[in-house]
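> This one is input.cif, mmCIF, C-alpha atoms.
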data_my_file
loop_
_atom_site.label_atom_id
_atom_site.label_comp_id
_atom_site.auth_asym_id
_atom_site.auth_seq_id
_atom_site.Cartn_x
_atom_site.Cartn_y
_atom_site.Cartn_z
CA MET A 152 -38.17 113.53 -14.86
CA PRO A 153 -40.82 110.77 -15.13
CA GLU A 154 -41.11 108.96 -18.46
CA ALA A 155 -44.57 110.35 -19.26
CA GLU A 156 -43.33 113.91 -18.73
CA ALA A 157 -40.23 113.20 -20.81
CA ILE A 158 -42.41 111.90 -23.66
CA ARG A 159 -44.61 114.99 -23.51
CA LEU A 160 -41.63 117.35 -23.55
CA ALA A 161 -39.83 115.37 -26.25
CA GLN A 162 -42.91 115.73 -28.42
CA GLN A 163 -42.28 119.48 -28.16
CA GLY A 164 -38.64 119.02 -29.14
CA ASP A 165 -37.11 119.45 -25.69
CA ALA A 166 -33.49 118.30 -25.81
CA ALA A 167 -33.27 117.27 -22.15
CA ALA A 168 -36.38 115.11 -22.55
CA PHE A 169 -34.84 113.33 -25.55
CA GLU A 170 -31.76 112.58 -23.52
CA ARG A 171 -33.85 111.37 -20.58
CA LEU A 172 -35.73 108.91 -22.80
CA TYR A 173 -32.48 107.73 -24.32
CA ARG A 174 -30.92 107.18 -20.90
CA LEU A 175 -33.99 105.27 -19.72
CA HIS A 176 -34.11 102.85 -22.62
CA ASN A 177 -30.75 102.66 -24.37
CA ARG A 178 -29.51 99.67 -22.37
CA ARG A 179 -32.33 97.36 -23.41
CA VAL A 180 -32.31 98.48 -27.02
CA TYR A 181 -28.53 98.18 -27.30
CA SER A 182 -28.62 94.73 -25.68
CA LEU A 183 -31.32 93.59 -28.07
CA CYS A 184 -29.30 94.81 -31.05
CA LEU A 185 -26.10 93.27 -29.71
CA ARG A 186 -27.73 89.87 -29.21
CA MET A 187 -29.24 90.05 -32.66
CA VAL A 188 -26.10 90.96 -34.60
CA SER A 189 -23.26 89.91 -32.25
CA ASN A 190 -21.17 92.86 -33.33
CA THR A 191 -20.68 95.93 -31.15
CA ALA A 192 -20.14 98.43 -33.97
CA GLU A 193 -23.26 97.25 -35.81
CA ALA A 194 -25.24 97.17 -32.57
CA GLU A 195 -24.25 100.79 -31.90
CA ASP A 196 -25.35 101.85 -35.37
CA LEU A 197 -28.64 100.00 -35.01
CA THR A 198 -29.28 101.50 -31.57
CA GLN A 199 -28.70 104.96 -32.97
CA GLU A 200 -30.96 104.26 -35.92
CA ALA A 201 -33.73 102.90 -33.69
CA PHE A 202 -33.67 105.98 -31.46
CA LEU A 203 -33.45 108.27 -34.45
CA GLN A 204 -36.60 106.71 -35.88
CA LEU A 205 -38.21 106.94 -32.46
CA PHE A 206 -37.47 110.64 -32.11
CA ARG A 207 -38.56 111.35 -35.67
CA LYS A 208 -41.91 109.74 -34.93
CA ILE A 209 -42.36 110.67 -31.29
CA ALA A 210 -44.94 113.34 -32.07
CA THR A 211 -47.22 110.56 -33.33
CA PHE A 212 -46.99 108.50 -30.11
CA ARG A 213 -50.43 108.52 -28.48
CA GLY A 214 -49.83 106.03 -25.71
CA GLU A 215 -51.97 103.20 -27.10
CA SER A 216 -49.14 100.84 -26.19
CA ALA A 217 -46.35 101.07 -23.64
CA PHE A 218 -43.60 103.37 -24.77
CA SER A 219 -40.96 100.64 -24.34
CA THR A 220 -43.01 98.27 -26.49
CA TRP A 221 -43.28 100.89 -29.17
CA LEU A 222 -39.55 101.55 -29.03
CA HIS A 223 -38.74 97.83 -29.16
CA ARG A 224 -40.99 97.42 -32.14
CA LEU A 225 -39.00 100.09 -33.95
CA ALA A 226 -35.73 98.52 -32.84
CA VAL A 227 -36.70 95.01 -33.94
CA ASN A 228 -37.79 96.32 -37.32
CA VAL A 229 -34.54 98.24 -37.72
CA VAL A 230 -32.55 95.10 -36.90
CA LEU A 231 -34.59 92.83 -39.15
CA MET A 232 -34.32 95.26 -42.04
CA LYS A 233 -30.58 95.37 -41.52
CA LEU A 234 -30.33 91.58 -41.48
CA ARG A 235 -32.43 91.33 -44.61
CA LYS A 236 -30.19 93.80 -46.41
CA LYS A 237 -27.12 91.99 -45.19
CA SER A 238 -28.24 88.64 -46.45
CA GLY A 239 -29.60 90.11 -49.66
CA ASN A 240 -32.83 88.38 -48.77
CA GLU A 241 -35.88 90.19 -50.06
CA SER A 242 -38.33 87.85 -48.36
CA SER A 243 -41.01 89.12 -45.99
CA LEU A 244 -40.62 89.28 -42.23
CA GLU A 245 -43.05 86.40 -41.99
CA GLU A 246 -40.71 84.26 -44.03
CA LEU A 247 -37.84 85.26 -41.78
CA THR A 248 -39.68 83.61 -38.91
CA GLU A 249 -40.71 80.55 -40.90
CA PRO A 250 -37.76 78.66 -42.30
CA ASP A 251 -38.39 75.33 -43.99
CA GLU A 252 -39.86 72.97 -41.48
CA ASP A 253 -38.16 69.94 -43.01
CA SER A 254 -34.72 71.21 -42.13
CA GLY A 255 -35.51 72.61 -38.71
CA GLY A 256 -38.38 70.55 -37.36
CA PRO A 257 -38.33 68.60 -34.16
CA ARG A 258 -38.49 65.23 -35.91
CA ARG A 259 -34.72 65.15 -35.96
CA ASP A 260 -34.69 64.94 -32.21
CA PHE A 261 -35.84 61.37 -32.42
CA GLY A 262 -33.24 59.20 -34.03
CA GLY A 263 -30.06 61.12 -33.23
CA PRO A 264 -27.70 60.05 -30.48
CA ASP A 265 -29.13 60.65 -27.04
CA LEU A 266 -26.71 63.34 -25.90
CA ARG A 267 -27.45 65.59 -22.96
CA LEU A 268 -26.72 69.30 -23.15
CA SER A 269 -27.07 69.95 -19.45
CA GLY A 270 -23.80 71.24 -18.11
CA SER A 271 -22.36 71.91 -21.55
CA ILE A 272 -24.36 75.07 -22.32
CA ASP A 273 -22.52 78.27 -21.64
CA ARG A 274 -22.76 81.86 -22.83
CA VAL A 275 -20.33 81.39 -25.69
CA ASN A 276 -21.75 78.29 -27.31
CA LEU A 277 -25.34 79.41 -26.82
CA GLN A 278 -24.61 82.81 -28.40
CA ARG A 279 -22.92 81.00 -31.28
CA ALA A 280 -26.06 78.95 -31.78
CA VAL A 281 -28.30 82.03 -31.47
CA ASP A 282 -26.22 83.68 -34.20
CA GLN A 283 -27.24 80.87 -36.54
CA LEU A 284 -30.97 81.22 -35.93
CA PRO A 285 -33.15 82.74 -38.63
CA PRO A 286 -33.77 86.41 -37.76
CA GLY A 287 -37.43 85.96 -36.84
CA TYR A 288 -36.74 83.08 -34.44
CA LYS A 289 -33.84 85.04 -33.02
CA SER A 290 -36.01 88.11 -32.31
CA VAL A 291 -38.63 86.15 -30.42
CA PHE A 292 -36.03 84.15 -28.50
CA VAL A 293 -34.04 87.25 -27.46
CA LEU A 294 -37.17 89.20 -26.53
CA HIS A 295 -38.65 86.36 -24.46
CA ASP A 296 -35.84 84.31 -23.01
CA VAL A 297 -33.17 87.01 -22.71
CA GLN A 298 -35.13 90.21 -22.17
CA GLY A 299 -38.09 88.67 -20.37
CA TYR A 300 -40.95 90.04 -22.48
CA GLU A 301 -44.30 88.27 -22.28
CA HIS A 302 -45.90 86.79 -25.37
CA ASN A 303 -48.59 89.48 -25.54
CA GLU A 304 -45.86 92.15 -25.61
CA ILE A 305 -43.85 90.24 -28.20
CA ALA A 306 -46.97 89.87 -30.32
CA GLU A 307 -47.30 93.65 -30.28
CA ILE A 308 -43.60 94.23 -30.96
CA MET A 309 -43.43 91.68 -33.77
CA ASP A 310 -46.90 92.43 -35.11
CA CYS A 311 -48.02 88.82 -34.85
CA SER A 312 -50.47 86.78 -32.78
CA ILE A 313 -49.70 85.52 -29.27
CA GLY A 314 -49.97 81.96 -30.55
CA ASN A 315 -47.47 82.74 -33.26
CA SER A 316 -45.05 84.17 -30.72
CA LYS A 317 -45.31 81.02 -28.59
CA SER A 318 -44.86 78.78 -31.58
CA GLN A 319 -41.83 80.73 -32.88
CA LEU A 320 -40.22 80.63 -29.47
CA HIS A 321 -40.65 76.88 -29.20
CA LYS A 322 -39.21 76.36 -32.68
CA ALA A 323 -36.32 78.66 -31.83
CA ARG A 324 -35.48 76.67 -28.69
CA MET A 325 -35.74 73.36 -30.55
CA ARG A 326 -33.49 74.68 -33.29
CA LEU A 327 -31.01 75.94 -30.70
CA ARG A 328 -30.98 72.50 -29.10
CA GLU A 329 -30.23 70.99 -32.47
CA LEU A 330 -27.42 73.48 -33.15
CA LEU A 331 -25.92 72.90 -29.72
CA HIS A 332 -26.01 69.14 -30.28
CA GLU A 333 -24.27 69.58 -33.62
CA ALA A 334 -21.58 71.67 -31.94
CA LEU A 335 -21.22 69.06 -29.20
CA ARG A 336 -20.85 66.26 -31.74
CA ALA A 337 -18.30 68.27 -33.74
CA GLN A 338 -16.33 68.88 -30.57
CA ALA A 339 -16.44 65.19 -29.69
CA ARG A 340 -15.19 64.30 -33.20
CA GLU A 341 -12.32 66.76 -32.86
CA GLU A 342 -11.37 65.31 -29.50
CA ARG A 343 -11.43 61.77 -30.89
CA LYS A 344 -9.29 62.91 -33.82
CA ALA A 345 -6.79 64.56 -31.52
CA ALA A 346 -6.69 61.51 -29.24
CA SER A 347 -6.12 59.15 -32.15
CA ALA A 348 -3.38 61.42 -33.52
CA ASP A 349 -1.74 61.35 -30.11
CA SER A 350 -1.90 57.57 -29.80
CA GLY A 351 -0.72 57.21 -33.44
CA GLY A 352 2.28 59.36 -32.68
CA LYS A 353 3.21 57.27 -29.69
CA ASP A 354 3.05 53.98 -31.61
CA MET B 123 -47.26 53.93 -16.71
CA ALA B 124 -46.78 56.32 -19.67
CA THR B 125 -50.01 57.01 -21.48
CA ILE B 126 -48.68 59.02 -24.44
CA THR B 127 -46.03 58.30 -27.05
CA CYS B 128 -42.74 60.11 -27.62
CA ARG B 129 -44.13 61.66 -30.79
CA GLU B 130 -47.15 62.98 -28.91
CA VAL B 131 -44.84 64.51 -26.35
CA LEU B 132 -43.61 66.92 -29.02
CA ALA B 133 -47.02 68.50 -29.29
CA HIS B 134 -47.03 69.11 -25.53
CA LEU B 135 -43.54 70.54 -25.16
CA GLU B 136 -44.52 74.10 -26.03
CA PRO B 137 -47.22 74.36 -23.32
CA TRP B 138 -44.92 72.48 -20.94
CA MET B 139 -42.31 75.22 -21.31
CA GLU B 140 -45.06 77.76 -20.64
CA GLY B 141 -45.73 76.09 -17.32
CA GLU B 142 -48.45 73.57 -18.11
CA ARG B 143 -47.87 70.18 -16.44
CA PRO B 144 -50.34 67.57 -17.72
CA LEU B 145 -50.23 64.36 -15.70
CA ASP B 146 -49.82 62.04 -18.69
CA LEU B 147 -46.77 63.99 -19.84
CA GLN B 148 -45.27 63.95 -16.37
CA ALA B 149 -45.73 60.18 -16.29
CA HIS B 150 -44.09 59.81 -19.69
CA LEU B 151 -41.10 61.94 -18.72
CA ARG B 152 -40.54 59.83 -15.62
CA THR B 153 -40.11 56.72 -17.74
CA CYS B 154 -38.59 58.04 -20.99
CA ALA B 155 -34.95 59.08 -20.77
CA HIS B 156 -34.95 60.59 -24.26
CA CYS B 157 -37.96 62.86 -23.81
CA SER B 158 -36.79 63.86 -20.38
CA SER B 159 -33.44 64.78 -21.94
CA VAL B 160 -35.20 67.01 -24.50
CA VAL B 161 -37.11 68.81 -21.76
CA ASN B 162 -33.96 69.25 -19.69
CA ASP B 163 -32.13 70.71 -22.69
CA LEU B 164 -34.89 73.22 -23.42
CA GLU B 165 -35.00 74.27 -19.80
CA SER B 166 -31.20 74.65 -19.71
CA ILE B 167 -31.30 76.84 -22.82
CA HIS B 168 -34.00 79.02 -21.26
CA THR B 169 -32.10 79.27 -17.95
CA GLU B 170 -28.81 80.22 -19.59
CA ALA B 171 -30.45 82.84 -21.84
CA SER B 172 -32.35 84.35 -18.89
CA SER B 173 -29.07 84.95 -17.09
CA TRP B 174 -27.78 87.15 -19.90
CA SER B 175 -29.97 90.11 -19.00
CA ALA B 176 -27.93 90.60 -15.83
CA ALA B 177 -24.90 91.45 -17.97
CA GLU B 178 -26.67 94.08 -20.08
CA GLN B 179 -24.74 97.32 -20.48
CA ASP B 180 -25.52 100.82 -21.66
CA ALA B 181 -24.57 101.68 -25.20
CA PRO B 182 -21.23 103.53 -25.37
CA GLU B 183 -21.54 107.28 -24.82
CA ARG B 184 -20.55 107.98 -28.42
CA VAL B 185 -23.92 106.60 -29.55
CA TRP B 186 -25.75 109.40 -27.72
CA THR B 187 -23.22 112.00 -28.88
CA SER B 188 -23.69 110.97 -32.47
CA LEU B 189 -27.47 110.67 -32.11
CA ARG B 190 -27.72 114.13 -30.56
CA ALA B 191 -25.67 115.61 -33.38
CA GLN B 192 -28.00 113.97 -35.89
CA LEU B 193 -31.09 115.25 -34.05
CA GLU B 194 -29.65 118.75 -34.05
CA GLN B 195 -28.80 118.49 -37.71
CA GLU B 196 -32.36 117.46 -38.53
CA GLY B 197 -33.74 120.24 -36.35
CA LEU B 198 -35.67 117.77 -34.17
CA ILE B 199 -34.49 119.25 -30.89
CA ARG B 200 -34.27 122.75 -29.56
CA ASP B 201 -31.81 124.11 -27.02
CA ALA B 202 -29.19 121.47 -27.70
CA ILE B 203 -27.66 120.48 -24.40
CA PRO B 204 -24.09 119.26 -23.93
CA ALA B 205 -24.17 115.60 -22.97
CA HIS B 206 -22.30 115.86 -19.69
CA GLU B 207 -23.88 118.96 -18.21
CA ASP B 208 -26.04 118.33 -15.21
CA ALA B 209 -29.77 118.83 -15.30
CA ALA B 210 -29.71 122.21 -13.62
CA LYS B 211 -27.27 123.62 -16.14
CA ALA B 212 -29.09 121.94 -18.98
CA GLN B 213 -32.39 123.57 -18.10
CA ALA B 214 -30.97 127.07 -17.61
CA PRO B 215 -30.66 129.35 -20.63
CA ARG B 216 -27.06 129.56 -21.82
CA ALA B 217 -26.85 133.35 -21.42
CA GLY B 218 -28.18 133.12 -17.88
CA TRP B 219 -25.60 130.52 -16.97
CA PHE B 220 -22.76 132.73 -18.19
CA SER B 221 -24.10 135.86 -16.55
CA SER B 222 -24.49 134.06 -13.24
CA LEU B 223 -20.74 133.56 -13.16
CA PHE B 224 -19.87 137.25 -13.25
CA PRO B 225 -20.58 138.28 -9.66
CA ARG B 226 -18.28 135.59 -8.22
CA LEU B 227 -15.45 135.62 -10.74
CA PRO B 228 -12.06 135.41 -9.07
CA ARG B 229 -9.25 137.42 -10.57
CA PRO B 230 -7.95 135.09 -13.28
CA VAL B 231 -4.36 134.24 -14.01
CA LEU B 232 -5.36 132.68 -17.26
CA ALA B 233 -2.18 132.31 -19.25
CA GLY B 234 -0.77 129.60 -17.01
CA ALA B 235 -4.11 127.85 -16.80
CA TYR B 236 -4.44 127.81 -20.59
CA LEU B 237 -1.04 126.34 -21.03
CA ALA B 238 -1.65 123.70 -18.39
CA ALA B 239 -4.98 122.78 -19.94
CA LEU B 240 -3.52 122.62 -23.42
CA VAL B 241 -0.61 120.47 -22.32
CA ALA B 242 -3.03 118.11 -20.58
CA VAL B 243 -5.29 117.92 -23.61
CA ALA B 244 -2.41 117.58 -26.04
CA PHE B 245 -1.20 114.64 -23.98
CA ALA B 246 -4.67 113.10 -23.79
CA LEU B 247 -5.26 113.59 -27.51
CA SER B 248 -1.94 112.59 -28.95
CA GLY B 249 -1.09 109.73 -26.61
CA PRO B 250 -3.98 107.45 -27.52
CA VAL B 251 -3.51 108.15 -31.22
CA ASN B 252 0.01 106.88 -31.22
CA LYS B 253 -0.58 104.04 -28.86
CA ARG B 254 -4.21 103.17 -29.30
CA VAL B 255 -5.06 99.56 -28.88
CA ASN B 256 -8.44 99.79 -30.48
CA GLU B 257 -10.74 102.34 -31.99
CA ALA B 258 -13.29 102.24 -29.20
CA ARG B 259 -10.83 103.29 -26.53
CA TRP B 260 -9.51 106.02 -28.77
CA LEU B 261 -12.95 107.42 -29.52
CA LYS B 262 -13.86 107.51 -25.87
CA GLY B 263 -10.59 109.21 -25.06
CA THR B 264 -11.22 111.89 -27.64
CA GLN B 265 -14.67 112.67 -26.32
CA VAL B 266 -13.57 112.69 -22.71
CA SER B 267 -10.53 114.86 -23.37
CA THR B 268 -12.03 117.54 -25.62
CA SER B 269 -15.22 118.25 -23.65
CA PRO B 270 -13.46 119.59 -20.54
CA LEU B 271 -11.25 121.85 -22.67
CA SER B 272 -14.18 123.29 -24.54
CA ALA B 273 -15.98 123.97 -21.25
CA GLN B 274 -12.84 125.50 -19.75
CA LEU B 275 -12.41 127.82 -22.73
CA ASP B 276 -16.05 128.93 -22.44
CA PHE B 277 -15.53 129.70 -18.79
CA ASP B 278 -12.27 131.55 -19.43
CA GLU B 279 -13.88 133.53 -22.21
CA GLN B 280 -16.25 135.03 -19.69
CA ASN B 281 -13.35 135.92 -17.43
CA SER B 282 -11.52 137.57 -20.31
CA ASN B 283 -14.60 139.55 -21.31
CA SER B 284 -14.83 141.11 -17.89
CA TYR B 285 -11.25 142.35 -18.23
CA VAL B 286 -11.12 143.33 -21.85
CA THR B 287 -13.98 145.82 -21.49
CA ARG B 288 -11.52 148.00 -19.60
CA ALA B 289 -9.22 148.22 -22.63
CA ASN B 290 -9.34 150.56 -25.61
CA PRO B 291 -12.77 150.18 -27.31
CA ALA B 292 -11.19 149.80 -30.76
CA VAL B 293 -8.89 147.05 -29.50
CA THR B 294 -11.79 145.40 -27.71
CA ALA B 295 -13.86 145.38 -30.88
CA SER B 296 -11.00 143.90 -32.86
CA LEU B 297 -10.43 141.15 -30.27
CA HIS B 298 -14.11 140.29 -30.23
CA GLN B 299 -14.14 140.10 -34.00
CA ASN B 300 -11.21 137.71 -33.94
CA LEU B 301 -12.83 135.70 -31.20
CA ALA B 302 -15.99 135.32 -33.29
CA LEU B 303 -13.90 134.05 -36.20
CA VAL B 304 -12.10 131.52 -33.99
CA ASP B 305 -15.40 130.36 -32.50
CA LYS B 306 -16.75 129.81 -35.98
CA TYR B 307 -13.65 127.83 -36.85
CA ILE B 308 -14.01 125.73 -33.68
CA ALA B 309 -17.66 124.99 -34.48
CA LEU B 310 -16.68 123.74 -37.93
CA CYS B 311 -13.90 121.58 -36.52
CA GLU B 312 -16.16 120.13 -33.82
CA LYS B 313 -18.72 119.27 -36.46
CA SER B 314 -16.07 117.48 -38.50
CA VAL B 315 -14.84 115.55 -35.47
CA ASN B 316 -18.39 114.57 -34.53
CA GLU B 317 -19.01 113.29 -38.03
CA GLU B 318 -15.69 111.47 -38.27
CA PRO B 319 -14.34 110.98 -34.75
CA GLN B 320 -11.61 108.65 -35.98
CA ASN B 321 -10.25 111.21 -38.46
CA GLU B 322 -6.90 112.31 -37.07
CA VAL B 323 -6.64 115.34 -39.36
CA ALA B 324 -10.01 116.67 -38.20
CA ARG B 325 -8.97 116.15 -34.61
CA ASP B 326 -5.68 117.98 -35.15
CA TYR B 327 -7.53 120.93 -36.67
CA LEU B 328 -9.84 121.02 -33.65
CA TYR B 329 -6.86 121.01 -31.33
CA GLU B 330 -5.29 123.90 -33.27
CA ALA B 331 -8.56 125.83 -33.13
CA TYR B 332 -8.71 125.42 -29.35
CA GLN B 333 -5.11 126.57 -29.13
CA GLN B 334 -5.87 129.68 -31.19
CA LYS B 335 -8.74 130.54 -28.92
CA ALA B 336 -6.59 130.01 -25.84
CA ASP B 337 -3.92 132.33 -27.27
CA LEU B 338 -6.50 134.95 -28.10
CA LEU B 339 -8.07 134.82 -24.66
CA THR B 340 -4.64 135.15 -23.09
CA GLN B 341 -4.03 138.31 -25.16
CA MET B 342 -7.41 139.70 -24.14
CA THR B 343 -6.71 139.11 -20.47
CA GLU B 344 -3.24 140.63 -20.65
CA ARG B 345 -4.56 143.75 -22.35
CA GLY B 346 -7.32 144.04 -19.77
CA GLU B 347 -4.85 143.76 -16.92
CA ASN B 348 -2.49 146.30 -18.50
CA VAL B 349 -5.09 149.05 -18.46
CA GLN B 350 -5.98 148.53 -14.78
#
Before anything else, please render the file you have as structure tokens.


Amino acid sequence: MPEAEAIRLAQQGDAAAFERLYRLHNRRVYSLCLRMVSNTAEAEDLTQEAFLQLFRKIATFRGESAFSTWLHRLAVNVVLMKLRKKSGNESSLEELTEPDEDSGGPRRDFGGPDLRLSGSIDRVNLQRAVDQLPPGYKSVFVLHDVQGYEHNEIAEIMDCSIGNSKSQLHKARMRLRELLHEALRAQAREERKAASADSGGKD
Amino acid sequence: MATITCREVLAHLEPWMEGERPLDLQAHLRTCAHCSSVVNDLESIHTEASSWSAAEQDAPERVWTSLRAQLEQEGLIRDAIPAHEDAAKAQAPRAGWFSSLFPRLPRPVLAGAYLAALVAVAFALSGPVNKRVNEARWLKGTQVSTSPLSAQLDFDEQNSNSYVTRANPAVTASLHQNLALVDKYIALCEKSVNEEPQNEVARDYLYEAYQQKADLLTQMTERGENVQ
């Protein structure tokens, strides 16, 4: 059943059409949620909630935007609302994408030790760094760099301008670089500590 | 020779990552190890993140099961369709599907089949509970093990009906009444298990309900065969 037909039938409450739409899109939505919260149980709940909202509102879908964009918009909002509740933060979504520039700006990149990340980035340490991003940065980063959405689509999903999407993505990457450097330095410190403990023990 | 400063490079990094390659920035990156290191890092982050999409997986089946139950509860869908039925079965009306089985029903020897099915399900249900390593595996096991039994009982019910009609009408009516009660009980138990799949008590009740139905169907078949 093609997606357009499934949408039409789902708008009439057809159970098979609902399932078809779920099967078509659940992987991307679940992956988005999983990257955003890094917890399978929470990601499952959020996926369910996103689809529930989708199916509650499907009668209002008029096709002005791509169905997947519309669904992702719902999913991102569900995740961001969850993260806001979790942190007890009542700030707006705009604030979630705009942390204080003084603590996360690129100026720090000039003056720190000139370490190279190349070769030291893997799935685990990058995900750890992504987990520490502010929710708004995280959304744009996951949508663009992980899921491959274009800035015009992200702008629609996140309800922001294309320029804003580009800017948030750049800040997210710069912040990730900073977090990865911090992790690298911490690891180097630990290794030095362990080495000095070893040599102390031998003396 | 570099024509822009390191600080000016920062303003150009965002378009650089979008694919723009101004000549002055290229010249700077050739001569500045630090800025070139920043660009390399950003590109490595992008490359690593891009590779994640290849490992994307579907949400576990329980998400759809739970979602479907919620949609049914809210009355958002009509003709609720079991998750694992194929499209042809899903699109056919339930009554039509049952009636289509009648012309080609083999003569059933149901009692043995019921027992075998129940033993298999009892093993599938109780084993993971006692030995489960994690909740996810257990939940999946529950869903996988109960669905075939439910389908088997539905199928066997049709077989029994074709035999029991040959019995005494009063007995037939009584059996059907009991069957309706057991079905109602099963529906309640399934609802409880769907709402709380990890609840062992709810699961045990569902198992007992299935067993009651199996016993009843066995009685119906035996009575039907006795009057032949």

> List every residue of chain B that has an atom at most 7 Å from any atom of chain A, and for each one report the closest atom pair and its distance in Å to one decimal, counting all atoms listed in the file, with rows sorted by chain and then by increasing residue number, as a Markdown table.


| residue | atom | partner | partner_atom | distance |
| --- | --- | --- | --- | --- |
| B:Glu136 | CA | A:His321 | CA | 5.7 |
| B:His156 | CA | A:Asp265 | CA | 6.5 |
| B:Ser159 | CA | A:Arg267 | CA | 6.1 |
| B:Asn162 | CA | A:Ser269 | CA | 6.9 |
| B:Asp163 | CA | A:Leu268 | CA | 5.6 |
| B:Leu164 | CA | A:Arg324 | CA | 6.3 |
| B:Ser166 | CA | A:Ser269 | CA | 6.3 |
| B:His168 | CA | A:Asp296 | CA | 5.9 |
| B:Glu170 | CA | A:Asp273 | CA | 6.9 |
| B:Ala171 | CA | A:Val297 | CA | 5.1 |
| B:Ser172 | CA | A:Val297 | CA | 4.7 |
| B:Trp174 | CA | A:Val297 | CA | 6.1 |
| B:Ser175 | CA | A:Val297 | CA | 5.8 |
| B:Glu178 | CA | A:Ser182 | CA | 6.0 |
| B:Gln179 | CA | A:Arg178 | CA | 5.6 |
| B:Asp180 | CA | A:Arg178 | CA | 4.2 |
| B:Ala181 | CA | A:Tyr181 | CA | 5.7 |
| B:Val185 | CA | A:Gln199 | CA | 6.1 |
| B:Leu189 | CA | A:Gln199 | CA | 5.9 |
| B:Leu198 | CA | A:Gly164 | CA | 6.0 |
| B:Ile199 | CA | A:Gly164 | CA | 4.5 |
| B:Arg200 | CA | A:Gly164 | CA | 5.8 |
| B:Asp201 | CA | A:Ala166 | CA | 6.2 |
| B:Ala202 | CA | A:Ala166 | CA | 5.7 |
| B:Ile203 | CA | A:Ala166 | CA | 6.4 |

> With only C-alpha atoms as the counted atoms, please give the residues lying no more than 7 Å from segment 214-221 of chain A, apart from itself and same-chain residues fewer than 4 positions off, as an NGL selection string.

:A and (225 or 304 or 308)

> State, in Å with one decimal place, the distance from atom CA of Val227 of chain A to atom CA of Arg279 of chain A.

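Computed distance, atom CA of Val227 of chain A to atom CA of Arg279 of chain A, equals 19.8 Å.
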
> Any idea what's packed within 7 Å of segment 311-318 of chain B, counting only C-alpha atoms, ignoring anything in its chain fewer than 4 positions away? Could you give it as a PyMOL selection string?

chain B and resi 188+307+324-325+327-328

> Provide the atom CA of Ile313 of chain A to atom CA of Tyr300 of chain A distance in Å, to one decimal place.

12.0 Å

> Tell me, in Å to one decimal, how far atom CA of Arg326 of chain A is from atom CA of Gly314 of chain A.

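Distance reported for this atom pair: 18.2 Å.
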
> Counting only C-alpha atoms, figure out which residue out of A:Gln283, A:Gln338, A:Asn228, A:Ser312 gets nearest to Ser189 of chain A.

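Smallest distance to Ser189 of chain A is found for A:Gln283.
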
> Name the residues that the PyMOL selection byres ((chain B and resi 154) around 12) picks from the file above, as a PDB file with C-alpha atoms, in the frame of the given file, using the file's chain letters and numbers.


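Just written: expr_0.pdb:
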ATOM      1  CA  ASP A 265     -29.130  60.650 -27.040  1.00  0.00           C
TER       2      ASP A 265
ATOM      3  CA  MET B 123     -47.260  53.930 -16.710  1.00  0.00           C
ATOM      4  CA  ALA B 124     -46.780  56.320 -19.670  1.00  0.00           C
ATOM      5  CA  THR B 125     -50.010  57.010 -21.480  1.00  0.00           C
ATOM      6  CA  ILE B 126     -48.680  59.020 -24.440  1.00  0.00           C
ATOM      7  CA  THR B 127     -46.030  58.300 -27.050  1.00  0.00           C
ATOM      8  CA  CYS B 128     -42.740  60.110 -27.620  1.00  0.00           C
ATOM      9  CA  ARG B 129     -44.130  61.660 -30.790  1.00  0.00           C
ATOM     10  CA  VAL B 131     -44.840  64.510 -26.350  1.00  0.00           C
ATOM     11  CA  LEU B 147     -46.770  63.990 -19.840  1.00  0.00           C
ATOM     12  CA  GLN B 148     -45.270  63.950 -16.370  1.00  0.00           C
ATOM     13  CA  ALA B 149     -45.730  60.180 -16.290  1.00  0.00           C
ATOM     14  CA  HIS B 150     -44.090  59.810 -19.690  1.00  0.00           C
ATOM     15  CA  LEU B 151     -41.100  61.940 -18.720  1.00  0.00           C
ATOM     16  CA  ARG B 152     -40.540  59.830 -15.620  1.00  0.00           C
ATOM     17  CA  THR B 153     -40.110  56.720 -17.740  1.00  0.00           C
ATOM     18  CA  ALA B 155     -34.950  59.080 -20.770  1.00  0.00           C
ATOM     19  CA  HIS B 156     -34.950  60.590 -24.260  1.00  0.00           C
ATOM     20  CA  CYS B 157     -37.960  62.860 -23.810  1.00  0.00           C
ATOM     21  CA  SER B 158     -36.790  63.860 -20.380  1.00  0.00           C
ATOM     22  CA  SER B 159     -33.440  64.780 -21.940  1.00  0.00           C
ATOM     23  CA  VAL B 160     -35.200  67.010 -24.500  1.00  0.00           C
ATOM     24  CA  VAL B 161     -37.110  68.810 -21.760  1.00  0.00           C
TER      25      VAL B 161
END

> Kindly indicate which residue among A:Gln204, A:Ser238, A:Ser316, A:Ser350 lies nearest to Lys289 of chain A, using all atoms listed in the file for the distances.

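When distances to Lys289 of chain A are compared using all atoms listed in the file, the smallest one comes from A:Ser316.
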
> Emit as JSON the padded axis-aligned box for all listed atoms of segment 176-185 of chain B, 4 Å per side, with centre and edge lengths in Å to one decimal.


{"center_x": -24.2, "center_y": 99.3, "center_z": -22.7, "size_x": 15.4, "size_y": 25.4, "size_z": 21.7}

> Quick one: residues within 7 Å of Ala226 of chain A, only C-alpha atoms counted, chain neighbours fewer than 3 positions away excluded, as number ranges by chain?

A: 180, 201, 222-223, 229-230

> What residues have an atom no more than 12 Å from (-14.3, 124.6, -30.5) in the file's own frame, counting only C-alpha atoms, and can you write them as JSON, numbers by chain?

{"B": [268, 269, 270, 271, 272, 273, 274, 275, 276, 301, 302, 303, 304, 305, 306, 307, 308, 309, 310, 311, 312, 313, 314, 315, 316, 324, 325, 326, 327, 328, 329, 330, 331, 332, 333, 334, 335, 336]}
